[in-house]
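Chemist: Below is the file my_file20.txt, which contains compact mmCIF, C-alpha atoms.
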# COMPACT_ATOMS: atom_id res chain seq x y z
CA MET A 1 -1.91 -35.25 -5.19
CA GLU A 2 -5.30 -34.09 -3.96
CA LYS A 3 -4.05 -33.97 -0.35
CA LEU A 4 -1.15 -31.79 -1.45
CA LEU A 5 -3.49 -29.39 -3.22
CA GLN A 6 -5.84 -29.28 -0.24
CA SER A 7 -2.95 -28.47 2.09
CA SER A 8 -2.07 -25.47 -0.08
CA ARG A 9 -5.23 -23.84 1.29
CA VAL A 10 -3.45 -23.83 4.65
CA LEU A 11 -0.56 -21.90 3.09
CA VAL A 12 -3.00 -19.37 1.60
CA PHE A 13 -4.62 -19.00 5.02
CA LEU A 14 -1.19 -18.49 6.59
CA THR A 15 -0.42 -15.78 4.04
CA ILE A 16 -3.76 -14.12 4.73
CA SER A 17 -3.16 -14.23 8.50
CA VAL A 18 0.30 -12.69 8.20
CA CYS A 19 -0.98 -9.93 5.90
CA ALA A 20 -3.92 -9.16 8.20
CA ALA A 21 -1.65 -9.04 11.27
CA ALA A 22 0.79 -6.76 9.44
CA ALA A 23 -2.05 -4.43 8.44
CA VAL A 24 -3.35 -4.24 12.02
CA LEU A 25 0.14 -3.57 13.40
CA LEU A 26 0.80 -0.85 10.84
CA TYR A 27 -2.59 0.80 11.51
CA MET A 28 -1.90 0.78 15.25
CA ALA A 29 1.62 2.14 14.78
CA SER A 30 0.27 4.88 12.50
CA ALA A 31 -2.33 5.87 15.09
CA VAL A 32 0.36 6.16 17.77
CA ILE A 33 2.61 8.15 15.45
CA VAL A 34 -0.21 10.55 14.49
CA TYR A 35 -1.05 11.02 18.17
CA ASN A 36 2.60 11.84 18.94
CA VAL A 37 2.83 14.23 15.97
CA ILE A 38 -0.32 16.03 17.12
CA VAL A 39 0.91 16.32 20.71
CA ASP A 40 4.36 17.47 19.53
CA SER A 41 2.81 20.01 17.15
CA ILE A 42 0.56 21.43 19.88
CA LEU A 43 3.44 21.67 22.36
CA HIS A 44 5.92 23.02 19.80
CA ILE A 45 3.94 24.86 17.14
CA PRO A 46 6.05 25.22 13.97
CA THR A 47 7.15 28.83 13.61
CA THR A 48 9.47 28.62 10.62
CA ALA A 49 9.17 27.25 7.12
CA ASP A 50 11.82 24.63 7.92
CA GLN A 51 9.83 23.37 10.91
CA GLY A 52 6.70 23.32 8.75
CA LYS A 53 8.54 21.21 6.16
CA ARG A 54 9.63 18.77 8.86
CA LEU A 55 6.01 18.47 10.01
CA ALA A 56 4.91 17.87 6.40
CA VAL A 57 7.54 15.14 5.99
CA LYS A 58 6.41 13.45 9.22
CA LEU A 59 2.81 13.46 7.98
CA LEU A 60 3.83 12.17 4.53
CA LYS A 61 5.68 9.30 6.21
CA VAL A 62 2.55 8.47 8.20
CA LEU A 63 0.52 8.52 4.98
CA ASP A 64 3.08 6.21 3.41
CA THR A 65 2.79 3.80 6.35
CA LEU A 66 -1.02 3.90 6.13
CA LEU A 67 -0.92 3.10 2.42
CA ILE A 68 1.37 0.16 3.10
CA ALA A 69 -1.08 -1.03 5.78
CA LEU A 70 -3.91 -0.67 3.27
CA THR A 71 -1.89 -2.73 0.80
CA PHE A 72 -1.58 -5.54 3.34
CA GLN A 73 -5.32 -5.30 4.02
CA ILE A 74 -6.11 -5.44 0.29
CA ILE A 75 -3.88 -8.50 -0.11
CA ALA A 76 -5.44 -10.28 2.88
CA THR A 77 -9.01 -9.49 1.83
CA GLY A 78 -8.36 -10.26 -1.82
CA LEU A 79 -6.66 -13.59 -1.18
CA TYR A 80 -9.33 -14.67 1.28
CA ARG A 81 -12.22 -13.82 -1.00
CA LEU A 82 -10.56 -15.18 -4.12
CA PHE A 83 -9.25 -18.46 -2.71
CA LEU A 84 -11.12 -19.32 0.49
CA GLY A 85 -14.28 -17.24 0.68
CA ASP A 86 -17.78 -17.75 -0.56
CA PRO A 87 -18.00 -17.08 -4.33
CA ASP A 88 -21.01 -14.81 -3.73
CA SER A 89 -18.97 -12.60 -1.37
CA LYS A 90 -16.91 -11.33 -4.32
CA GLU A 91 -19.83 -9.12 -5.29
CA LYS A 92 -19.78 -7.12 -2.05
CA GLY A 93 -17.48 -5.19 0.21
CA LEU A 94 -13.90 -4.15 -0.42
CA LEU A 95 -13.37 -6.28 -3.54
CA LYS A 96 -16.45 -4.87 -5.26
CA ALA A 97 -15.43 -1.31 -4.38
CA MET A 98 -12.02 -1.91 -5.94
CA ASP A 99 -13.45 -3.92 -8.86
CA ILE A 100 -11.42 -7.04 -8.02
CA LYS A 101 -12.95 -10.12 -9.60
CA ASN A 102 -9.88 -12.34 -9.94
CA PHE A 103 -6.20 -12.63 -9.03
CA HIS A 104 -5.23 -10.59 -12.08
CA ASP A 105 -7.33 -7.62 -10.90
CA LEU A 106 -5.72 -7.92 -7.45
CA LYS A 107 -2.25 -7.65 -9.01
CA ILE A 108 -3.22 -4.54 -10.96
CA THR A 109 -4.70 -2.90 -7.86
CA LEU A 110 -1.51 -3.62 -5.92
CA MET A 111 0.60 -2.11 -8.72
CA GLN A 112 -1.52 1.04 -8.57
CA VAL A 113 -1.18 1.33 -4.79
CA ALA A 114 2.59 0.73 -5.07
CA SER A 115 2.80 3.56 -7.62
CA VAL A 116 1.06 5.95 -5.22
CA ILE A 117 3.43 4.89 -2.42
CA MET A 118 6.45 5.59 -4.65
CA VAL A 119 5.11 9.05 -5.54
CA ILE A 120 4.72 9.80 -1.83
CA LEU A 121 8.30 8.62 -1.24
CA PHE A 122 9.42 11.05 -3.94
CA LEU A 123 7.50 13.89 -2.27
CA GLU A 124 9.21 13.07 1.03
CA GLN A 125 12.59 13.14 -0.70
CA ALA A 126 11.83 16.41 -2.46
CA VAL A 127 10.72 18.13 0.76
CA GLU A 128 13.51 16.70 2.94
CA VAL A 129 16.47 17.00 0.59
CA GLY A 130 15.30 19.62 -1.88
CA ALA A 131 16.27 20.09 -5.50
CA THR A 132 19.43 18.04 -5.78
CA LEU A 133 20.81 15.76 -8.44
CA GLU A 134 20.00 12.81 -6.16
CA THR A 135 16.35 13.89 -6.04
CA LEU A 136 16.29 14.15 -9.83
CA TYR A 137 17.68 10.63 -10.23
CA PHE A 138 15.25 9.33 -7.64
CA GLY A 139 12.35 10.99 -9.47
CA ILE A 140 13.45 9.57 -12.80
CA ALA A 141 13.73 6.08 -11.31
CA ILE A 142 10.24 6.33 -9.82
CA ALA A 143 8.84 7.67 -13.08
CA VAL A 144 10.30 4.73 -15.01
CA VAL A 145 8.82 2.22 -12.55
CA VAL A 146 5.40 3.93 -12.54
CA LEU A 147 5.34 4.11 -16.34
CA ALA A 148 6.34 0.45 -16.58
CA SER A 149 3.57 -0.55 -14.18
CA VAL A 150 1.01 1.53 -16.09
CA PHE A 151 2.16 -0.05 -19.35
CA ALA A 152 2.04 -3.54 -17.80
CA ALA A 153 -1.41 -2.98 -16.29
CA ARG A 154 -2.79 -1.69 -19.58
CA TYR A 155 -1.53 -4.65 -21.56
CA MET A 156 -2.30 -7.25 -18.90
CA ARG A 157 -6.03 -6.62 -19.20
CA HIS A 158 -7.92 -9.39 -20.93
Can I see the file as structure tokens?
Modeler:
Amino acid sequence: MEKLLQSSRVLVFLTISVCAAAAVLLYMASAVIVYNVIVDSILHIPTTADQGKRLAVKLLKVLDTLLIALTFQIIATGLYRLFLGDPDSKEKGLLKAMDIKNFHDLKITLMQVASVIMVILFLEQAVEVGATLETLYFGIAIAVVVLASVFAARYMRH
């Protein structure tokens, strides 16, 4: 049984590696996308409100991608420090800044980041599509999920 439990550390390390690689790939992709948006904006400066909205949507999508990359980084760092790292390392760096002391705190932080990502998705929808019934339903659905996560986070505290 002990060998089985010791091998589970390998699975945690695999999860950490995949999350870290995903974060790096998303950061690199975001950098390339931002570079292309800047070059495109310099070459074709938006002259109408519609073109300005399209630029805003592109930048919101980049922000969304960056937040997802940050989520992967938080997961990788949190899992490493909570399960594999030195117990003293929990008092410094990213986990201290986010006040993550255990797996429960990591889950709450991830719910908060997911809520911000959903709000950004709603902003993208509102700018791209405008005030439609579909946007209203989408906003209501996001509001329900965000409220549920806030309720869950509040009552999950010790």
Chemist: Figure out the distance between atom CA of Asp64 of chain A and atom CA of Leu79 of chain A, please, to one decimal in Å.
Modeler: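 Separating atom CA of Leu79 of chain A from atom CA of Asp64 of chain A is a distance of 22.5 Å.
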Chemist: Please determine, counting only C-alpha atoms, which residue among A:Val145, A:Ala20, A:Ala152, A:Leu55 has the shortest atom-to-atom distance to Glu124 of chain A.
Modeler: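 Looking at the shortest contact to Glu124 of chain A, the residue is A:Leu55.
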Chemist: Which residue, A:Ala29, A:Gly85, A:Val127, A:Leu136, has the smallest gap to Gln51 of chain A when you use all atoms listed in the file?
Modeler: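 Nearest candidate to Gln51 of chain A out of A:Ala29, A:Gly85, A:Val127, A:Leu136: A:Val127.
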Chemist: Within 12 Å of Met118 of chain A, counting all atoms listed in the file, which residues show up once you throw out same-chain ones fewer than 2 positions away? Write them as JSON, numbers by chain, please.
Modeler: {"A": [60, 61, 63, 64, 65, 67, 68, 111, 112, 113, 114, 115, 116, 120, 121, 122, 123, 124, 125, 138, 139, 140, 141, 142, 143, 144, 145, 146, 147, 149]}
Chemist: I want to know what sits within 10 Å of Ala76 of chain A, based on all atoms listed in the file, with residues of the same chain fewer than 5 positions away left out; could you give that as a list in words?
Modeler: Val12, Phe13, Leu14, Thr15, Ile16, Ser17, Val18, Cys19, Ala20, Ala21, Ala22, Ala23, Leu70, Thr71, Arg81 and Leu82 of chain A
Chemist: What does the distance between atom CA of Lys53 of chain A and atom CA of Ser41 of chain A come to in Å, to one decimal place?
Modeler: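 We find that atom CA of Lys53 of chain A and atom CA of Ser41 of chain A lie 12.5 Å from each other.
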Chemist: When you count all atoms listed in the file, which of these residues is closest to Asn102 of chain A: A:Leu84, A:Gly78, A:Lys58, A:Val39?
Modeler: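 Using all atoms listed in the file, the shortest distance to Asn102 of chain A belongs to A:Gly78.
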Chemist: Neighbours of Asp50 of chain A within 12 Å (all atoms listed in the file; same-chain residues fewer than 6 positions away dropped), as a PyMOL selection string?
Modeler: chain A and resi 56-57+127-130
Chemist: Taking into account all atoms listed in the file, which residue in the set A:Val24, A:Val150, A:Phe83, A:Ile117 is nearest to Lys101 of chain A?
Modeler: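 Answer, going by the shortest atom-to-atom distance: A:Phe83.
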Chemist: Just how far from atom CA of Leu59 of chain A is atom CA of Ile38 of chain A, in Å to one decimal?
Modeler: 10.0 Å
Chemist: A:Ala153, A:Glu134, A:Ala148, A:Ala69: which is nearest Lys107 of chain A, counting all atoms listed in the file?
Modeler: A:Ala153
Chemist: When you count all atoms listed in the file, which of these residues is closest to Leu106 of chain A: A:Met156, A:Val119, A:Ala131, A:Val62?
Modeler: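 Selected residue with least distance to Leu106 of chain A: A:Met156.
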